[in-house]
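Novice: Below you'll find the structure I mean.
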Amino acid sequence: MNKFIRVNMTTMQVTTEAVPEKYIGLGGRALTSNFVNDEVKPTCHALGKNNKIIFAPGLLSGTTAPNSGRLSVGSKSPLTGTIKECNTGGLFSQKMAKMGIKALVIEGMPADDKFYIIKLDVNGVTIEESPSEILGGCGNYETIQILNEKYGSKVGMAITGPAGEYGLPSANISFKDPESNIRSAGRGGLGAVLGSKKVKAVIIDDTGAQPVPLVDPDKFRAASRVFAKALLDHPVAGQGLAAYGTDVLVNILNEAGGLPTNNFTEGRIDYNDLISGETMNATITERGGEGKVSHGCHPGCVIRCSQWYPDKKGKYITSGFEYETVWALGADAGIRDLDLIAYMDRAMDDVGVDSIEVSVAIATAMAGGLIPFGDGERALELIKEIAQPTPLARIIAGGCSIVGKLCGMFRVPVVKDQAIPAYDPRAVKGIGLTYATTTMGADHTAGYCISGNILKIGADLDPLKKDGQIEYARAMQIGTAAIDSTGMCLFVYFGIGDNPDGYQALIDMINAQYGLSLTATDVDKLGESVLKVERAFNKNAGFTNAHDRLPEFMEYEPVPPHNVVWDFTPEEIDEVYNF
Amino acid sequence: MTEKNKNTIEIRGFLQLDAFIKKNFGCMPLILELDKPISGIDLAKQLNISLDDVEVIFINGFVHDRGDLIHPGDRMAFLPPGCPGPYRIALGFYGKNQDNEANFKIKRDKDEE
């Protein structure tokens, strides 16, 4: 990958440069975060002309490495005010890599109010006015069909949905998946940033592109086989996720007493069977039709944690129906109907919002009296109204923090104004430390991968006690930052985290592709460096350790059934980033 | 548990054991009378649950080794291998699974079968 493309939306000029030397060895999150720290004014308004947005495939994207099709998108977040990297499946990353594009940067903003489409193909980059029929509330599903007809069904797409057009803080960037359904770079409002640049869509057509070059193809293939076997042999990656999806966590977190319920006032529900992954699996199987219990979000995915959830007649409703969405609407907002939650998931994809942020905002709005508690029909209407948007829909799409303030509430589950997902920090303390300290605002995927010697620590971890949790949260964030830089799905770590052969195979693939000799220690160092760069940006944007705190109510409201509170001191929390 | 059911236990199964219990016992949770403590391993055998399908057990919301004792009045659940995410460590599975060759994997123990 040797092209570094910049699209200036102020001048409508495109420049294609060689990759700057300092970015040559970086990919994915390592590249996006270094770039944002280098070029974005930390104190800028996220929706103003000084913010930039960058798309970058990972180091292994575009190769035949299993699960290597993730794309990182980086910018300053309009939701949190921090640096943001969010990543997604779909087709975009692999096409960028095959076309040799290391990064696509979009900067500036047009003087007029027109929306544009940026198209990348092997002949270069063009900018054209967006078709009017996909603007002003057109849903993403319809937009994809219109753009498929215009550009061909095999192109990749990144889309600013209606919420992004309106600049709403929960707006995501929607990506077309292999079946023209939707994947999302979900968190932090980057859809609003893309919308502020007046970019309705980025189209990528890799027709005529050559395969990604490999310095040592034989070594790469050998490592790739070991890596794929490690994934498929593992009961988590090879069986659990493929059968039940991430929603398998409903029953597990519920049993552990860590399923945030009724706006974070309880840790367990008694109707978990209505919304569990096991029930999702049984429902899809029973309904048949277009339903699939297992589905890959990008070509080359072997874990296949996604699914197609059908209606009672077997017609597709939604895919990528994740635990965090089901949890927020099912447990936190008390909506006891998996079909209704599926329609809400689809509606959120259609208007282009982060399904965690908006679902938690809905639960908060219910606790604040804006919507009757558990009223899924009204919540679904409000999500659809984001396409207009009505005033209340605009408030909901403003995110959980805004809803909490407008309702005069203190029980508002956010860190750095981003909604806390799916795992109650009081009952699962290690994840709480990650929520508090991650550079991204509360984000469970910021602490997903185990690095270094965490397995030794893990042997003694008790979710309700503090012992070992600081080291756990630190190691998980470092490991995650490294994996996010490879283009790998984070879920690969389930299969290689305890398997030295599998982990080495991942490093061997990178070495074989680029002719390097990286070690596991080097990969850990990469993760550390990414976090330090992100931390530096946030500091320059005005963030201090005082922002690395959970909502105060968690310190004095015990969460049943274990009746525990959040009891880390500020000094202990600050130790997480002492490396 | 309430006073009237202190001589019973509540049993749940997750992942494939959800369908297994519903199919074989017709309900979830399964309520079983128990007059003395029983280990998770013995309870699994009593219910014809394969030990390959039990990585850890929950007792009253806490993760336990599958050999730990369940007492009358307890709420318990069988968890097969397959829980995703860092939660295997965060929830303490790893610490309760030390007898296995690899802590993220279930080692078939022929002596237990």
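Chain lettering (A, B, ...) mirrors the order of the structure tokens, residue numbering begins at 1 for each chain separately, and ligand numbering begins at 1 in order of display.
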Contacts between chain B and chain A, please, where a residue of chain A counts if it comes within 6 Å (with only C-alpha atoms); show its shortest atom pair and distance in Å to one decimal, rows by chain and ascending number, as JSON lines.

Specialist:
```
{"residue": "A:Pro235", "atom": "CA", "partner": "B:Gly82", "partner_atom": "CA", "distance": 4.9}
{"residue": "A:Val236", "atom": "CA", "partner": "B:Gly82", "partner_atom": "CA", "distance": 3.8}
{"residue": "A:Gly240", "atom": "CA", "partner": "B:Gly82", "partner_atom": "CA", "distance": 4.2}
{"residue": "A:Glu255", "atom": "CA", "partner": "B:Gly61", "partner_atom": "CA", "distance": 5.3}
{"residue": "A:Ala256", "atom": "CA", "partner": "B:Gly61", "partner_atom": "CA", "distance": 4.6}
{"residue": "A:Glu278", "atom": "CA", "partner": "B:Leu15", "partner_atom": "CA", "distance": 6.0}
{"residue": "A:Tyr448", "atom": "CA", "partner": "B:Pro86", "partner_atom": "CA", "distance": 5.5}
{"residue": "A:Gly458", "atom": "CA", "partner": "B:Ile89", "partner_atom": "CA", "distance": 5.6}
{"residue": "A:Ala459", "atom": "CA", "partner": "B:Gly95", "partner_atom": "CA", "distance": 3.9}
{"residue": "A:Asp460", "atom": "CA", "partner": "B:Gly95", "partner_atom": "CA", "distance": 5.4}
{"residue": "A:Leu461", "atom": "CA", "partner": "B:Gly92", "partner_atom": "CA", "distance": 5.4}
{"residue": "A:Asp462", "atom": "CA", "partner": "B:Gly92", "partner_atom": "CA", "distance": 5.3}
{"residue": "A:Pro463", "atom": "CA", "partner": "B:Leu91", "partner_atom": "CA", "distance": 5.0}
```

Novice: Determine which residues of segment 23-81 of chain B DSSP labels as helix (DSSP H, G or I) from the backbone of this structure, then write them out as a list in words.

Specialist: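 Residues meeting the helix (DSSP H, G or I) criterion: Lys23, Asn24, Phe25, Gly40, Ile41, Asp42, Leu43, Ala44, Lys45, Gln46, Leu51, Asp52 and Asp53 of chain B.
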
Novice: Could you write those residues out with N, CA and C atoms, as a CSV table (one decimal), in the first residue's frame?

Specialist:
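Result went into out.csv, see below:
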```csv
chain,number,residue,atom,x,y,z
B,23,LYS,N,-35.4,-29.3,26.0
B,23,LYS,CA,-35.8,-30.5,25.3
B,23,LYS,C,-36.0,-31.7,26.2
B,24,ASN,N,-35.1,-31.9,27.1
B,24,ASN,CA,-35.1,-33.1,28.0
B,24,ASN,C,-36.0,-32.9,29.3
B,25,PHE,N,-36.1,-31.7,29.7
B,25,PHE,CA,-36.8,-31.5,30.9
B,25,PHE,C,-38.0,-30.5,30.8
B,40,GLY,N,-21.0,-29.9,41.0
B,40,GLY,CA,-21.4,-29.6,39.6
B,40,GLY,C,-21.2,-30.8,38.7
B,41,ILE,N,-20.1,-31.5,38.9
B,41,ILE,CA,-19.8,-32.7,38.1
B,41,ILE,C,-20.8,-33.8,38.3
B,42,ASP,N,-21.1,-34.1,39.5
B,42,ASP,CA,-22.1,-35.1,39.8
B,42,ASP,C,-23.5,-34.7,39.3
B,43,LEU,N,-23.8,-33.4,39.5
B,43,LEU,CA,-25.1,-33.0,39.0
B,43,LEU,C,-25.2,-33.1,37.4
B,44,ALA,N,-24.1,-32.7,36.8
B,44,ALA,CA,-24.1,-32.9,35.3
B,44,ALA,C,-24.3,-34.3,34.9
B,45,LYS,N,-23.7,-35.2,35.6
B,45,LYS,CA,-23.8,-36.7,35.3
B,45,LYS,C,-25.3,-37.1,35.6
B,46,GLN,N,-25.8,-36.6,36.6
B,46,GLN,CA,-27.2,-37.0,37.0
B,46,GLN,C,-28.2,-36.5,35.9
B,51,LEU,N,-19.6,-33.8,30.3
B,51,LEU,CA,-18.7,-32.9,31.0
B,51,LEU,C,-17.9,-32.1,30.0
B,52,ASP,N,-17.9,-32.6,28.7
B,52,ASP,CA,-17.2,-31.7,27.7
B,52,ASP,C,-18.0,-30.4,27.5
B,53,ASP,N,-19.3,-30.4,27.9
B,53,ASP,CA,-20.1,-29.3,27.7
B,53,ASP,C,-20.1,-28.4,29.0
```

Novice: Can you tell me, as a list in words, which residues in segment 218-399 of chain A count as strand (DSSP E) by DSSP?

Specialist: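 Filtering segment 218-399 of chain A to strand (DSSP E) leaves Lys292, Val293, Ser294, His295, Ser306, Gln307, Trp308, Tyr309, Pro310, Tyr316, Ile317, Thr318 and Ser319 of chain A.
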
Novice: Those residues you just picked out, can you put them in a file as a PDB file, in the first residue's frame with N, CA and C atoms?

Specialist:
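Output file selection.pdb is given in full below:
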```pdb
ATOM      1  N   LYS A 292     -30.396 -16.768   8.834  1.00  0.00           N
ATOM      2  CA  LYS A 292     -29.141 -17.512   8.928  1.00  0.00           C
ATOM      3  C   LYS A 292     -28.618 -17.331  10.343  1.00  0.00           C
ATOM      4  N   VAL A 293     -28.256 -18.425  10.982  1.00  0.00           N
ATOM      5  CA  VAL A 293     -27.708 -18.262  12.333  1.00  0.00           C
ATOM      6  C   VAL A 293     -26.270 -17.773  12.291  1.00  0.00           C
ATOM      7  N   SER A 294     -25.632 -17.896  11.143  1.00  0.00           N
ATOM      8  CA  SER A 294     -24.220 -17.548  11.061  1.00  0.00           C
ATOM      9  C   SER A 294     -23.940 -16.823   9.750  1.00  0.00           C
ATOM     10  N   HIS A 295     -23.124 -15.797   9.815  1.00  0.00           N
ATOM     11  CA  HIS A 295     -22.873 -14.964   8.625  1.00  0.00           C
ATOM     12  C   HIS A 295     -21.609 -14.149   8.860  1.00  0.00           C
ATOM     13  N   SER A 306     -21.961 -12.895  12.910  1.00  0.00           N
ATOM     14  CA  SER A 306     -23.177 -12.216  12.496  1.00  0.00           C
ATOM     15  C   SER A 306     -24.249 -13.247  12.145  1.00  0.00           C
ATOM     16  N   GLN A 307     -25.416 -12.746  11.878  1.00  0.00           N
ATOM     17  CA  GLN A 307     -26.550 -13.610  11.511  1.00  0.00           C
ATOM     18  C   GLN A 307     -27.547 -12.787  10.701  1.00  0.00           C
ATOM     19  N   TRP A 308     -28.475 -13.445  10.072  1.00  0.00           N
ATOM     20  CA  TRP A 308     -29.610 -12.755   9.460  1.00  0.00           C
ATOM     21  C   TRP A 308     -30.830 -13.114  10.299  1.00  0.00           C
ATOM     22  N   TYR A 309     -31.408 -12.128  10.926  1.00  0.00           N
ATOM     23  CA  TYR A 309     -32.588 -12.365  11.765  1.00  0.00           C
ATOM     24  C   TYR A 309     -33.837 -12.092  10.941  1.00  0.00           C
ATOM     25  N   PRO A 310     -34.697 -13.090  10.765  1.00  0.00           N
ATOM     26  CA  PRO A 310     -35.875 -12.922   9.906  1.00  0.00           C
ATOM     27  C   PRO A 310     -37.145 -12.626  10.705  1.00  0.00           C
ATOM     28  N   TYR A 316     -35.879 -11.316   5.807  1.00  0.00           N
ATOM     29  CA  TYR A 316     -34.771 -10.633   6.498  1.00  0.00           C
ATOM     30  C   TYR A 316     -35.233  -9.341   7.177  1.00  0.00           C
ATOM     31  N   ILE A 317     -34.833  -9.196   8.468  1.00  0.00           N
ATOM     32  CA  ILE A 317     -35.035  -7.915   9.146  1.00  0.00           C
ATOM     33  C   ILE A 317     -33.700  -7.196   9.319  1.00  0.00           C
ATOM     34  N   THR A 318     -32.755  -7.903   9.954  1.00  0.00           N
ATOM     35  CA  THR A 318     -31.491  -7.240  10.256  1.00  0.00           C
ATOM     36  C   THR A 318     -30.381  -8.264  10.381  1.00  0.00           C
ATOM     37  N   SER A 319     -29.160  -7.784  10.347  1.00  0.00           N
ATOM     38  CA  SER A 319     -27.988  -8.643  10.567  1.00  0.00           C
ATOM     39  C   SER A 319     -27.037  -7.920  11.508  1.00  0.00           C
TER      40      SER A 319
END
```

Novice: Smallest atom-to-atom distance to Val56 of chain B: which of A:Thr16, A:Ile252, A:Tyr423, A:Arg221, using only C-alpha atoms?

Specialist: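 Answer, going by the shortest atom-to-atom distance: A:Ile252.
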
Novice: What gap, in Å, lies between atom CA of Thr80 of chain A and atom CA of His298 of chain A?

Specialist: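 Going from atom CA of Thr80 of chain A over to atom CA of His298 of chain A, I get 28.6 Å.
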
Novice: Rounded to one decimal in Å, what is the spacing between atom CA of Gly156 of chain A and atom CA of Lys95 of chain A?

Specialist: 7.4 Å

Novice: If you count only C-alpha atoms, which residues fall within 7 Å of Leu69 of chain B, apart from same-chain ones fewer than 5 positions away, as a VMD selection string?

Specialist: chain B and resid 37 to 40

Novice: Can you write out the residues you just picked, keeping N, CA and C atoms, as a JSON list (two decimals), in the first residue's frame?

Specialist:
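Listing of result19.json after writing:
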```json
[["chain", "number", "residue", "atom", "x", "y", "z"],
["B", 37, "PRO", "N", -25.76, -31.37, 49.62],
["B", 37, "PRO", "CA", -24.94, -30.74, 48.57],
["B", 37, "PRO", "C", -24.50, -31.75, 47.51],
["B", 38, "ILE", "N", -24.32, -31.24, 46.30],
["B", 38, "ILE", "CA", -23.88, -32.08, 45.19],
["B", 38, "ILE", "C", -22.90, -31.27, 44.35],
["B", 39, "SER", "N", -21.90, -31.91, 43.84],
["B", 39, "SER", "CA", -20.93, -31.18, 43.02],
["B", 39, "SER", "C", -21.51, -30.91, 41.63],
["B", 40, "GLY", "N", -20.95, -29.92, 40.97],
["B", 40, "GLY", "CA", -21.40, -29.64, 39.61],
["B", 40, "GLY", "C", -21.18, -30.83, 38.69]]
```

Novice: Mind giving me the straight-line distance from atom CA of Asp524 of chain A to atom CA of His444 of chain A in Å, one decimal?

Specialist: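 Atom CA of His444 of chain A lies at a distance of 19.4 Å from atom CA of Asp524 of chain A.
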
Novice: Of the candidates A:Asp548, A:Glu555, A:Asp345, A:Asp247, which one gets nearest to Ala422 of chain A if we count only C-alpha atoms?

Specialist: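 Counting only C-alpha atoms, the residue closest to Ala422 of chain A is A:Asp247.
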
Novice: Could you give me, as number ranges by chain, the residues within 7 Å of segment 32-34 of chain B, counting only C-alpha atoms and dropping anything in the same chain fewer than 2 positions from it?

Specialist: B: 7-10, 30, 36, 72

Novice: Which residue is closest to Gly100 of chain A? Choose from A:Ile420, A:Ala18, A:Val523, A:Val302 and count only C-alpha atoms.

Specialist: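 When distances to Gly100 of chain A are compared using only C-alpha atoms, the smallest one comes from A:Ala18.
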